[in-house]
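Undergrad: To be precise about what I am sending: the file is called my_file.cif and holds mmCIF, C-alpha atoms and all ligand atoms; chains and numbers go by the auth columns.
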data_model
#
loop_
_atom_site.group_PDB
_atom_site.id
_atom_site.type_symbol
_atom_site.label_atom_id
_atom_site.label_comp_id
_atom_site.label_asym_id
_atom_site.label_seq_id
_atom_site.Cartn_x
_atom_site.Cartn_y
_atom_site.Cartn_z
_atom_site.B_iso_or_equiv
_atom_site.auth_seq_id
_atom_site.auth_asym_id
ATOM 1 C CA MET A 1 -91.251 55.882 -19.637 0.00 6 A
ATOM 2 C CA ALA A 2 -88.638 54.220 -17.410 0.00 7 A
ATOM 3 C CA GLU A 3 -85.068 54.720 -18.411 0.00 8 A
ATOM 4 C CA LEU A 4 -82.694 52.353 -20.172 0.00 9 A
ATOM 5 C CA HIS A 5 -79.345 52.470 -18.366 0.00 10 A
ATOM 6 C CA ILE A 6 -76.363 51.291 -20.400 0.00 11 A
ATOM 7 C CA ILE A 7 -73.410 50.588 -18.101 0.00 12 A
ATOM 8 C CA ASP A 8 -70.622 51.692 -20.410 0.00 13 A
ATOM 9 C CA HIS A 9 -67.840 51.316 -17.836 0.00 14 A
ATOM 10 C CA PRO A 10 -64.566 50.226 -19.506 0.00 15 A
ATOM 11 C CA LEU A 11 -64.325 47.066 -17.382 0.00 16 A
ATOM 12 C CA VAL A 12 -67.851 46.027 -18.368 0.00 17 A
ATOM 13 C CA GLN A 13 -67.177 46.696 -22.052 0.00 18 A
ATOM 14 C CA HIS A 14 -63.881 44.771 -21.928 0.00 19 A
ATOM 15 C CA LYS A 15 -65.477 41.781 -20.217 0.00 20 A
ATOM 16 C CA ILE A 16 -68.398 41.747 -22.687 0.00 21 A
ATOM 17 C CA SER A 17 -65.854 41.557 -25.523 0.00 22 A
ATOM 18 C CA LEU A 18 -64.279 38.490 -23.891 0.00 23 A
ATOM 19 C CA LEU A 19 -67.772 37.009 -23.526 0.00 24 A
ATOM 20 C CA ARG A 20 -68.495 37.467 -27.225 0.00 25 A
ATOM 21 C CA ASP A 21 -65.396 35.545 -28.341 0.00 26 A
ATOM 22 C CA LYS A 22 -66.480 32.119 -29.596 0.00 27 A
ATOM 23 C CA ASN A 23 -63.204 30.714 -28.246 0.00 28 A
ATOM 24 C CA THR A 24 -64.064 31.662 -24.648 0.00 29 A
ATOM 25 C CA GLY A 25 -64.711 28.384 -22.822 0.00 30 A
ATOM 26 C CA THR A 26 -67.385 27.504 -20.263 0.00 31 A
ATOM 27 C CA LYS A 27 -65.351 28.257 -17.120 0.00 32 A
ATOM 28 C CA GLU A 28 -64.279 31.692 -18.289 0.00 33 A
ATOM 29 C CA PHE A 29 -67.709 32.491 -19.739 0.00 34 A
ATOM 30 C CA ARG A 30 -69.396 31.656 -16.429 0.00 35 A
ATOM 31 C CA GLU A 31 -66.906 33.766 -14.477 0.00 36 A
ATOM 32 C CA LEU A 32 -67.369 36.710 -16.857 0.00 37 A
ATOM 33 C CA VAL A 33 -71.178 36.579 -16.637 0.00 38 A
ATOM 34 C CA SER A 34 -70.907 36.660 -12.866 0.00 39 A
ATOM 35 C CA GLU A 35 -68.396 39.555 -12.851 0.00 40 A
ATOM 36 C CA ILE A 36 -70.391 41.635 -15.353 0.00 41 A
ATOM 37 C CA ALA A 37 -73.574 40.997 -13.342 0.00 42 A
ATOM 38 C CA MET A 38 -71.784 42.402 -10.289 0.00 43 A
ATOM 39 C CA PHE A 39 -70.870 45.643 -12.090 0.00 44 A
ATOM 40 C CA ILE A 40 -74.371 46.119 -13.520 0.00 45 A
ATOM 41 C CA CYS A 41 -75.886 45.391 -10.098 0.00 46 A
ATOM 42 C CA TYR A 42 -73.668 48.116 -8.627 0.00 47 A
ATOM 43 C CA GLU A 43 -75.460 50.626 -10.871 0.00 48 A
ATOM 44 C CA ALA A 44 -78.911 49.071 -10.472 0.00 49 A
ATOM 45 C CA THR A 45 -78.649 49.518 -6.680 0.00 50 A
ATOM 46 C CA ARG A 46 -77.371 53.100 -6.824 0.00 51 A
ATOM 47 C CA ASP A 47 -80.703 54.470 -5.532 0.00 52 A
ATOM 48 C CA LEU A 48 -80.836 52.359 -2.359 0.00 53 A
ATOM 49 C CA PRO A 49 -81.631 54.720 0.503 0.00 54 A
ATOM 50 C CA LEU A 50 -79.104 55.373 3.262 0.00 55 A
ATOM 51 C CA LYS A 51 -79.480 56.427 6.849 0.00 56 A
ATOM 52 C CA GLU A 52 -76.896 58.062 9.037 0.00 57 A
ATOM 53 C CA ILE A 53 -75.672 56.243 12.127 0.00 58 A
ATOM 54 C CA GLU A 54 -72.964 56.899 14.694 0.00 59 A
ATOM 55 C CA LEU A 55 -70.372 54.321 15.581 0.00 60 A
ATOM 56 C CA GLU A 56 -66.985 54.203 17.236 0.00 61 A
ATOM 57 C CA THR A 57 -63.871 53.709 15.174 0.00 62 A
ATOM 58 C CA PRO A 58 -60.693 52.916 17.145 0.00 63 A
ATOM 59 C CA LEU A 59 -60.038 56.707 17.131 0.00 64 A
ATOM 60 C CA ALA A 60 -63.336 58.599 17.381 0.00 65 A
ATOM 61 C CA VAL A 61 -67.092 58.558 16.974 0.00 66 A
ATOM 62 C CA ALA A 62 -67.968 58.623 13.270 0.00 67 A
ATOM 63 C CA LYS A 63 -71.213 59.753 11.704 0.00 68 A
ATOM 64 C CA THR A 64 -71.526 57.254 8.883 0.00 69 A
ATOM 65 C CA LYS A 65 -74.115 55.766 6.543 0.00 70 A
ATOM 66 C CA ILE A 66 -75.710 52.353 6.143 0.00 71 A
ATOM 67 C CA ILE A 67 -78.354 51.043 3.736 0.00 72 A
ATOM 68 C CA SER A 68 -81.743 51.493 5.307 0.00 73 A
ATOM 69 C CA GLY A 69 -85.267 50.306 4.792 0.00 74 A
ATOM 70 C CA ARG A 70 -85.409 48.583 1.450 0.00 75 A
ATOM 71 C CA LYS A 71 -84.856 44.864 1.054 0.00 76 A
ATOM 72 C CA LEU A 72 -83.963 43.243 -2.265 0.00 77 A
ATOM 73 C CA ALA A 73 -84.919 40.112 -4.151 0.00 78 A
ATOM 74 C CA PHE A 74 -83.182 38.876 -7.288 0.00 79 A
ATOM 75 C CA ILE A 75 -85.227 36.795 -9.705 0.00 80 A
ATOM 76 C CA PRO A 76 -83.292 34.848 -12.347 0.00 81 A
ATOM 77 C CA ILE A 77 -85.245 33.779 -15.426 0.00 82 A
ATOM 78 C CA LEU A 78 -84.359 30.089 -15.801 0.00 83 A
ATOM 79 C CA ARG A 79 -81.995 28.957 -16.935 0.00 84 A
ATOM 80 C CA ALA A 80 -79.448 31.537 -18.098 0.00 85 A
ATOM 81 C CA GLY A 81 -80.376 34.044 -15.386 0.00 86 A
ATOM 82 C CA LEU A 82 -78.889 31.647 -12.825 0.00 87 A
ATOM 83 C CA GLY A 83 -75.445 32.555 -14.164 0.00 88 A
ATOM 84 C CA MET A 84 -75.834 36.107 -12.814 0.00 89 A
ATOM 85 C CA ILE A 85 -76.811 35.144 -9.260 0.00 90 A
ATOM 86 C CA GLU A 86 -73.338 34.578 -7.803 0.00 91 A
ATOM 87 C CA GLY A 87 -72.264 38.053 -8.916 0.00 92 A
ATOM 88 C CA VAL A 88 -75.291 39.932 -7.630 0.00 93 A
ATOM 89 C CA THR A 89 -75.400 38.113 -4.294 0.00 94 A
ATOM 90 C CA THR A 90 -71.699 38.869 -3.784 0.00 95 A
ATOM 91 C CA LEU A 91 -72.770 42.534 -3.694 0.00 96 A
ATOM 92 C CA VAL A 92 -76.043 42.042 -1.791 0.00 97 A
ATOM 93 C CA PRO A 93 -75.648 38.894 0.323 0.00 98 A
ATOM 94 C CA ALA A 94 -78.865 39.508 2.306 0.00 99 A
ATOM 95 C CA ALA A 95 -81.042 39.485 -0.816 0.00 100 A
ATOM 96 C CA LYS A 96 -83.560 36.694 -1.266 0.00 101 A
ATOM 97 C CA ILE A 97 -83.808 34.797 -4.543 0.00 102 A
ATOM 98 C CA GLY A 98 -87.023 33.999 -6.406 0.00 103 A
ATOM 99 C CA HIS A 99 -87.093 31.850 -9.546 0.00 104 A
ATOM 100 C CA ILE A 100 -89.174 31.965 -12.676 0.00 105 A
ATOM 101 C CA GLY A 101 -89.134 29.366 -15.429 0.00 106 A
ATOM 102 C CA LEU A 102 -90.586 30.080 -18.869 0.00 107 A
ATOM 103 C CA PHE A 103 -90.579 28.059 -22.066 0.00 108 A
ATOM 104 C CA ARG A 104 -91.598 29.098 -25.541 0.00 109 A
ATOM 105 C CA ASP A 105 -94.787 27.416 -26.771 0.00 110 A
ATOM 106 C CA PRO A 106 -93.744 25.805 -30.087 0.00 111 A
ATOM 107 C CA VAL A 107 -97.081 26.712 -31.723 0.00 112 A
ATOM 108 C CA THR A 108 -97.970 30.146 -30.376 0.00 113 A
ATOM 109 C CA LYS A 109 -94.287 31.160 -29.785 0.00 114 A
ATOM 110 C CA GLU A 110 -95.512 32.813 -26.586 0.00 115 A
ATOM 111 C CA PRO A 111 -93.698 32.263 -23.261 0.00 116 A
ATOM 112 C CA VAL A 112 -95.428 29.803 -20.930 0.00 117 A
ATOM 113 C CA LYS A 113 -94.662 29.734 -17.213 0.00 118 A
ATOM 114 C CA TYR A 114 -93.664 26.320 -15.863 0.00 119 A
ATOM 115 C CA TYR A 115 -92.246 27.401 -12.516 0.00 120 A
ATOM 116 C CA ALA A 116 -92.426 30.364 -10.170 0.00 121 A
ATOM 117 C CA LYS A 117 -91.337 30.540 -6.542 0.00 122 A
ATOM 118 C CA MET A 118 -90.910 33.909 -4.862 0.00 123 A
ATOM 119 C CA PRO A 119 -89.999 34.968 -1.342 0.00 124 A
ATOM 120 C CA ASP A 120 -93.194 35.319 0.792 0.00 125 A
ATOM 121 C CA ASP A 121 -92.525 39.026 1.303 0.00 126 A
ATOM 122 C CA ILE A 122 -91.950 39.824 -2.391 0.00 127 A
ATOM 123 C CA SER A 123 -94.463 42.709 -2.181 0.00 128 A
ATOM 124 C CA GLU A 124 -92.175 44.439 0.350 0.00 129 A
ATOM 125 C CA ARG A 125 -88.954 43.943 -1.606 0.00 130 A
ATOM 126 C CA ASP A 126 -87.383 45.715 -4.536 0.00 131 A
ATOM 127 C CA ALA A 127 -87.339 42.981 -7.193 0.00 132 A
ATOM 128 C CA ILE A 128 -84.540 42.808 -9.746 0.00 133 A
ATOM 129 C CA ILE A 129 -85.101 40.303 -12.553 0.00 134 A
ATOM 130 C CA VAL A 130 -81.887 38.988 -14.096 0.00 135 A
ATOM 131 C CA ASP A 131 -81.380 37.397 -17.511 0.00 136 A
ATOM 132 C CA PRO A 132 -78.185 37.831 -19.547 0.00 137 A
ATOM 133 C CA MET A 133 -79.933 38.364 -22.910 0.00 138 A
ATOM 134 C CA LEU A 134 -82.928 40.646 -23.507 0.00 139 A
ATOM 135 C CA ALA A 135 -83.781 39.457 -27.033 0.00 140 A
ATOM 136 C CA THR A 136 -87.460 39.600 -28.137 0.00 141 A
ATOM 137 C CA GLY A 137 -88.501 40.787 -24.689 0.00 142 A
ATOM 138 C CA ASN A 138 -91.265 38.152 -24.504 0.00 143 A
ATOM 139 C CA SER A 139 -89.791 36.361 -21.468 0.00 144 A
ATOM 140 C CA ALA A 140 -88.926 39.614 -19.737 0.00 145 A
ATOM 141 C CA VAL A 141 -92.456 40.976 -20.231 0.00 146 A
ATOM 142 C CA ALA A 142 -94.003 37.696 -19.000 0.00 147 A
ATOM 143 C CA ALA A 143 -91.683 37.565 -15.962 0.00 148 A
ATOM 144 C CA ILE A 144 -92.505 41.159 -15.007 0.00 149 A
ATOM 145 C CA THR A 145 -96.249 40.490 -15.443 0.00 150 A
ATOM 146 C CA GLU A 146 -95.979 37.416 -13.206 0.00 151 A
ATOM 147 C CA LEU A 147 -94.074 39.354 -10.536 0.00 152 A
ATOM 148 C CA LYS A 148 -96.630 42.135 -10.547 0.00 153 A
ATOM 149 C CA GLU A 149 -99.420 39.547 -10.172 0.00 154 A
ATOM 150 C CA LEU A 150 -97.578 38.185 -7.133 0.00 155 A
ATOM 151 C CA GLY A 151 -97.556 41.641 -5.585 0.00 156 A
ATOM 152 C CA ALA A 152 -94.124 43.073 -6.459 0.00 157 A
ATOM 153 C CA LYS A 153 -94.313 46.848 -6.737 0.00 158 A
ATOM 154 C CA HIS A 154 -90.771 48.003 -7.496 0.00 159 A
ATOM 155 C CA ILE A 155 -89.270 46.004 -10.335 0.00 160 A
ATOM 156 C CA LYS A 156 -86.061 46.478 -12.316 0.00 161 A
ATOM 157 C CA PHE A 157 -84.689 44.352 -15.141 0.00 162 A
ATOM 158 C CA MET A 158 -80.978 43.590 -15.497 0.00 163 A
ATOM 159 C CA CYS A 159 -79.301 42.017 -18.519 0.00 164 A
ATOM 160 C CA ILE A 160 -75.859 41.956 -20.096 0.00 165 A
ATOM 161 C CA ILE A 161 -76.843 42.430 -23.746 0.00 166 A
ATOM 162 C CA CYS A 162 -80.141 43.864 -24.971 0.00 167 A
ATOM 163 C CA SER A 163 -81.651 44.274 -28.428 0.00 168 A
ATOM 164 C CA PRO A 164 -83.609 47.335 -29.557 0.00 169 A
ATOM 165 C CA GLU A 165 -86.682 45.105 -30.027 0.00 170 A
ATOM 166 C CA GLY A 166 -86.428 43.712 -26.472 0.00 171 A
ATOM 167 C CA VAL A 167 -86.080 47.121 -24.873 0.00 172 A
ATOM 168 C CA GLU A 168 -89.029 48.452 -26.863 0.00 173 A
ATOM 169 C CA ALA A 169 -91.217 45.475 -25.869 0.00 174 A
ATOM 170 C CA VAL A 170 -90.459 45.884 -22.150 0.00 175 A
ATOM 171 C CA GLN A 171 -90.889 49.647 -22.211 0.00 176 A
ATOM 172 C CA LYS A 172 -94.204 49.325 -24.043 0.00 177 A
ATOM 173 C CA ALA A 173 -95.671 46.630 -21.749 0.00 178 A
ATOM 174 C CA HIS A 174 -94.130 47.873 -18.480 0.00 179 A
ATOM 175 C CA PRO A 175 -93.173 51.539 -18.747 0.00 180 A
ATOM 176 C CA ASP A 176 -92.471 51.655 -14.994 0.00 181 A
ATOM 177 C CA VAL A 177 -89.623 49.098 -15.139 0.00 182 A
ATOM 178 C CA GLU A 178 -86.086 50.429 -15.492 0.00 183 A
ATOM 179 C CA ILE A 179 -83.715 48.347 -17.601 0.00 184 A
ATOM 180 C CA TYR A 180 -79.982 48.017 -16.826 0.00 185 A
ATOM 181 C CA ALA A 181 -77.788 46.559 -19.576 0.00 186 A
ATOM 182 C CA GLY A 182 -74.104 46.368 -20.446 0.00 187 A
ATOM 183 C CA VAL A 183 -74.615 47.033 -24.152 0.00 188 A
ATOM 184 C CA MET A 184 -77.293 47.278 -26.820 0.00 189 A
ATOM 185 C CA ASP A 185 -76.570 45.170 -29.909 0.00 190 A
ATOM 186 C CA GLU A 186 -77.709 45.739 -33.454 0.00 191 A
ATOM 187 C CA LYS A 187 -80.629 43.389 -34.058 0.00 192 A
ATOM 188 C CA LEU A 188 -82.202 39.948 -33.782 0.00 193 A
ATOM 189 C CA ASN A 189 -81.621 37.296 -36.446 0.00 194 A
ATOM 190 C CA GLU A 190 -84.380 35.099 -37.899 0.00 195 A
ATOM 191 C CA ASP A 191 -83.969 32.644 -34.970 0.00 196 A
ATOM 192 C CA LYS A 192 -84.436 35.541 -32.524 0.00 197 A
ATOM 193 C CA TYR A 193 -80.815 35.470 -31.354 0.00 198 A
ATOM 194 C CA ILE A 194 -79.128 38.780 -30.644 0.00 199 A
ATOM 195 C CA VAL A 195 -76.575 39.690 -33.337 0.00 200 A
ATOM 196 C CA PRO A 196 -73.628 39.885 -32.884 0.00 201 A
ATOM 197 C CA GLY A 197 -74.428 38.765 -29.287 0.00 202 A
ATOM 198 C CA VAL A 198 -72.753 35.833 -27.603 0.00 203 A
ATOM 199 C CA GLY A 199 -74.755 32.918 -29.044 0.00 204 A
ATOM 200 C CA ASP A 200 -76.862 30.907 -26.602 0.00 205 A
ATOM 201 C CA ALA A 201 -75.953 32.293 -23.191 0.00 206 A
ATOM 202 C CA GLY A 202 -77.501 29.361 -21.282 0.00 207 A
ATOM 203 C CA ASP A 203 -75.556 26.790 -23.290 0.00 208 A
ATOM 204 C CA ARG A 204 -72.322 28.725 -22.857 0.00 209 A
ATOM 205 C CA ILE A 205 -72.827 29.155 -19.085 0.00 210 A
ATOM 206 C CA PHE A 206 -73.701 25.511 -18.493 0.00 211 A
ATOM 207 C CA GLY A 207 -71.538 23.883 -21.165 0.00 212 A
ATOM 208 C CA THR A 208 -74.476 22.317 -23.021 0.00 213 A
ATOM 209 C CA LYS A 209 -75.299 22.338 -26.724 0.00 214 A
HETATM 210 N N1 LIG B . -80.976 33.991 -25.661 0.00 1 B
HETATM 211 C C1 LIG B . -79.668 33.757 -25.801 0.00 1 B
HETATM 212 O O1 LIG B . -79.081 32.976 -25.073 0.00 1 B
HETATM 213 N N2 LIG B . -79.016 34.402 -26.791 0.00 1 B
HETATM 214 C C2 LIG B . -79.620 35.268 -27.603 0.00 1 B
HETATM 215 O O2 LIG B . -78.973 35.831 -28.471 0.00 1 B
HETATM 216 C C3 LIG B . -80.999 35.491 -27.414 0.00 1 B
HETATM 217 C C4 LIG B . -81.660 34.838 -26.445 0.00 1 B
#
Mind turning this structure into structure tokens?
Ligand code: URA

TA:
Amino acid sequence: MAELHIIDHPLVQHKISLLRDKNTGTKEFRELVSEIAMFICYEATRDLPLKEIELETPLAVAKTKIISGRKLAFIPILRAGLGMIEGVTTLVPAAKIGHIGLFRDPVTKEPVKYYAKMPDDISERDAIIVDPMLATGNSAVAAITELKELGAKHIKFMCIICSPEGVEAVQKAHPDVEIYAGVMDEKLNEDKYIVPGVGDAGDRIFGTK
């Protein structure tokens, strides 16, 4: 079973508290989502391989390390996942971005894909799916399934807040996918929102209702 990594760094925890506050407005909420995404991405990329190179500093030749071999793609689940892209691409500017759009079928309650566009070389890239809220896990499971069908082999999932139900669903359907989250909240309510959570992350990022 792939691990669940909770990024319990004090700066992440502090920023998540600001995110939770119902009085935090759209501009600040958007900035916080981006900043928290950057910190979680820092941990999610900790296993990137390095190679040693030599280069000249103004004083001497230095044996030093650069990232080698693996290329990344970030895949936001539309729409709230878009809010995490600025933060993660600040850390990894060379990454490519795929997109996946899912809506919930009103009858079956199952996620239905309405859009998917991945980089051509997705099978050669480490793919990191981003979505601020891992609630039921239905969208996350569907997004991972879609990515695997398109050839992605190394997939991670990054969120800001997860629920126990969401983590269990992802781990059960895709035991190879590691999950990176800022915090695990208590539960889902009857509308499948994470409690205490932040409310609707997409609405708060984009200022809609
Ligand atoms: N999506 C959200 O935006 N918030 C939740 O609590 C759950 C899913």

Undergrad: List every protein, DNA or RNA residue that has an atom no more than 12 Å from (-73.7, 43.6, -16.2) in the file's coordinate frame, counting all atoms listed in the file, and report them as a PDB file with C-alpha atoms, in the frame of the given file.

TA:
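Output saved as point31.pdb:
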ATOM      1  CA  HIS A  10     -79.345  52.470 -18.366  1.00  0.00           C
ATOM      2  CA  ILE A  11     -76.363  51.291 -20.400  1.00  0.00           C
ATOM      3  CA  ILE A  12     -73.410  50.588 -18.101  1.00  0.00           C
ATOM      4  CA  ASP A  13     -70.622  51.692 -20.410  1.00  0.00           C
ATOM      5  CA  HIS A  14     -67.840  51.316 -17.836  1.00  0.00           C
ATOM      6  CA  PRO A  15     -64.566  50.226 -19.506  1.00  0.00           C
ATOM      7  CA  LEU A  16     -64.325  47.066 -17.382  1.00  0.00           C
ATOM      8  CA  VAL A  17     -67.851  46.027 -18.368  1.00  0.00           C
ATOM      9  CA  GLN A  18     -67.177  46.696 -22.052  1.00  0.00           C
ATOM     10  CA  HIS A  19     -63.881  44.771 -21.928  1.00  0.00           C
ATOM     11  CA  LYS A  20     -65.477  41.781 -20.217  1.00  0.00           C
ATOM     12  CA  ILE A  21     -68.398  41.747 -22.687  1.00  0.00           C
ATOM     13  CA  LEU A  24     -67.772  37.009 -23.526  1.00  0.00           C
ATOM     14  CA  LEU A  37     -67.369  36.710 -16.857  1.00  0.00           C
ATOM     15  CA  VAL A  38     -71.178  36.579 -16.637  1.00  0.00           C
ATOM     16  CA  SER A  39     -70.907  36.660 -12.866  1.00  0.00           C
ATOM     17  CA  GLU A  40     -68.396  39.555 -12.851  1.00  0.00           C
ATOM     18  CA  ILE A  41     -70.391  41.635 -15.353  1.00  0.00           C
ATOM     19  CA  ALA A  42     -73.574  40.997 -13.342  1.00  0.00           C
ATOM     20  CA  MET A  43     -71.784  42.402 -10.289  1.00  0.00           C
ATOM     21  CA  PHE A  44     -70.870  45.643 -12.090  1.00  0.00           C
ATOM     22  CA  ILE A  45     -74.371  46.119 -13.520  1.00  0.00           C
ATOM     23  CA  CYS A  46     -75.886  45.391 -10.098  1.00  0.00           C
ATOM     24  CA  TYR A  47     -73.668  48.116  -8.627  1.00  0.00           C
ATOM     25  CA  GLU A  48     -75.460  50.626 -10.871  1.00  0.00           C
ATOM     26  CA  ALA A  49     -78.911  49.071 -10.472  1.00  0.00           C
ATOM     27  CA  GLY A  86     -80.376  34.044 -15.386  1.00  0.00           C
ATOM     28  CA  GLY A  88     -75.445  32.555 -14.164  1.00  0.00           C
ATOM     29  CA  MET A  89     -75.834  36.107 -12.814  1.00  0.00           C
ATOM     30  CA  ILE A  90     -76.811  35.144  -9.260  1.00  0.00           C
ATOM     31  CA  GLY A  92     -72.264  38.053  -8.916  1.00  0.00           C
ATOM     32  CA  VAL A  93     -75.291  39.932  -7.630  1.00  0.00           C
ATOM     33  CA  VAL A 135     -81.887  38.988 -14.096  1.00  0.00           C
ATOM     34  CA  ASP A 136     -81.380  37.397 -17.511  1.00  0.00           C
ATOM     35  CA  PRO A 137     -78.185  37.831 -19.547  1.00  0.00           C
ATOM     36  CA  MET A 138     -79.933  38.364 -22.910  1.00  0.00           C
ATOM     37  CA  PHE A 162     -84.689  44.352 -15.141  1.00  0.00           C
ATOM     38  CA  MET A 163     -80.978  43.590 -15.497  1.00  0.00           C
ATOM     39  CA  CYS A 164     -79.301  42.017 -18.519  1.00  0.00           C
ATOM     40  CA  ILE A 165     -75.859  41.956 -20.096  1.00  0.00           C
ATOM     41  CA  ILE A 166     -76.843  42.430 -23.746  1.00  0.00           C
ATOM     42  CA  CYS A 167     -80.141  43.864 -24.971  1.00  0.00           C
ATOM     43  CA  ILE A 184     -83.715  48.347 -17.601  1.00  0.00           C
ATOM     44  CA  TYR A 185     -79.982  48.017 -16.826  1.00  0.00           C
ATOM     45  CA  ALA A 186     -77.788  46.559 -19.576  1.00  0.00           C
ATOM     46  CA  GLY A 187     -74.104  46.368 -20.446  1.00  0.00           C
ATOM     47  CA  VAL A 188     -74.615  47.033 -24.152  1.00  0.00           C
ATOM     48  CA  MET A 189     -77.293  47.278 -26.820  1.00  0.00           C
TER      49      MET A 189
END

Undergrad: Using the file's own x, y and z axes, what box holds all listed atoms of ligand LIG 1 (chain B) with 4 Å on each side, keeping edges along x, y and z, and what are its centre and edge lengths in Å to one decimal, as lines of an AutoDock Vina configuration file?

TA:
center_x = -80.3
center_y = 34.4
center_z = -26.8
size_x = 10.7
size_y = 10.9
size_z = 11.4

Undergrad: Counting all atoms listed in the file, what are the residues, protein, DNA or RNA alike, that approach ligand LIG 1 (chain B) to within 10 Å? I want them as number ranges by chain.

TA: A: 84-86, 136-142, 144, 166-168, 171, 190, 192-194, 196-210

Undergrad: Identify all residues satisfying the PyMOL selection byres (((chain A and resi 133) around 6) and not hetatm) in the given file; provide them as a list in words.

TA: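 Taken over the shown coordinates, the PyMOL selection byres (((chain A and resi 133) around 6) and not hetatm) returns Phe79, Ala132, Ile134, Ile160, Lys161 and Phe162 of chain A.
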
Undergrad: Anything within 10 Å of (-78.9, 56.8, 8.3): list those residues as a ChimeraX atom specification, counting all atoms listed in the file and sticking to the file's coordinates.

TA: /A:54-59,68-74

Undergrad: Write the selection just made, keeping C-alpha atoms, as a short mmCIF file (atom, residue, chain, number, x, y, z; two decimals), in the frame of the given file?

TA:
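Contents of out_5.cif, freshly written:
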data_model
loop_
_atom_site.label_atom_id
_atom_site.label_comp_id
_atom_site.auth_asym_id
_atom_site.auth_seq_id
_atom_site.Cartn_x
_atom_site.Cartn_y
_atom_site.Cartn_z
CA PRO A 54 -81.63 54.72 0.50
CA LEU A 55 -79.10 55.37 3.26
CA LYS A 56 -79.48 56.43 6.85
CA GLU A 57 -76.90 58.06 9.04
CA ILE A 58 -75.67 56.24 12.13
CA GLU A 59 -72.96 56.90 14.69
CA LYS A 68 -71.21 59.75 11.70
CA THR A 69 -71.53 57.25 8.88
CA LYS A 70 -74.11 55.77 6.54
CA ILE A 71 -75.71 52.35 6.14
CA ILE A 72 -78.35 51.04 3.74
CA SER A 73 -81.74 51.49 5.31
CA GLY A 74 -85.27 50.31 4.79
#

Undergrad: Using the chain letters and residue numbers of this document, give as a PyMOL selection string the residues selected by the PyMOL selection byres (((chain A and resi 78) around 12) and not hetatm).

TA: chain A and resi 50+75-77+79-81+90+93-94+97-104+122-135+152+157-162

Undergrad: Could you tell me how far atom CA of Lys177 of chain A sits from atom CA of Asn143 of chain A, in Å to one decimal place?

TA: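 Atom-to-atom, atom CA of Asn143 of chain A and atom CA of Lys177 of chain A are spaced 11.6 Å apart.
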
Undergrad: For segment 105-118 of chain A, which lacks atoms in the input, supply N, CA and C atoms and format the output as a tab-separated table (two decimals), in the coordinates of the input.

TA:
chain	number	residue	atom	x	y	z
A	105	ILE	N	-88.07	32.09	-11.71
A	105	ILE	CA	-89.17	31.96	-12.68
A	105	ILE	C	-88.68	31.19	-13.90
A	106	GLY	N	-89.47	30.19	-14.27
A	106	GLY	CA	-89.13	29.37	-15.43
A	106	GLY	C	-90.17	29.57	-16.52
A	107	LEU	N	-89.69	29.86	-17.73
A	107	LEU	CA	-90.59	30.08	-18.87
A	107	LEU	C	-90.09	29.26	-20.06
A	108	PHE	N	-91.00	28.66	-20.79
A	108	PHE	CA	-90.58	28.06	-22.07
A	108	PHE	C	-91.42	28.65	-23.18
A	109	ARG	N	-90.92	28.51	-24.40
A	109	ARG	CA	-91.60	29.10	-25.54
A	109	ARG	C	-92.52	28.06	-26.16
A	110	ASP	N	-93.83	28.34	-26.17
A	110	ASP	CA	-94.79	27.42	-26.77
A	110	ASP	C	-94.43	27.25	-28.25
A	111	PRO	N	-94.19	25.99	-28.70
A	111	PRO	CA	-93.74	25.80	-30.09
A	111	PRO	C	-94.77	26.28	-31.12
A	112	VAL	N	-96.05	26.30	-30.76
A	112	VAL	CA	-97.08	26.71	-31.72
A	112	VAL	C	-97.31	28.22	-31.67
A	113	THR	N	-97.63	28.71	-30.47
A	113	THR	CA	-97.97	30.15	-30.38
A	113	THR	C	-96.73	31.04	-30.31
A	114	LYS	N	-95.56	30.42	-29.96
A	114	LYS	CA	-94.29	31.16	-29.78
A	114	LYS	C	-94.32	32.09	-28.56
A	115	GLU	N	-95.39	31.97	-27.78
A	115	GLU	CA	-95.51	32.81	-26.59
A	115	GLU	C	-94.84	32.12	-25.40
A	116	PRO	N	-94.29	32.89	-24.44
A	116	PRO	CA	-93.70	32.26	-23.26
A	116	PRO	C	-94.77	31.67	-22.34
A	117	VAL	N	-94.50	30.48	-21.84
A	117	VAL	CA	-95.43	29.80	-20.93
A	117	VAL	C	-94.69	29.56	-19.62
A	118	LYS	N	-95.32	29.92	-18.51
A	118	LYS	CA	-94.66	29.73	-17.21
A	118	LYS	C	-94.75	28.28	-16.79
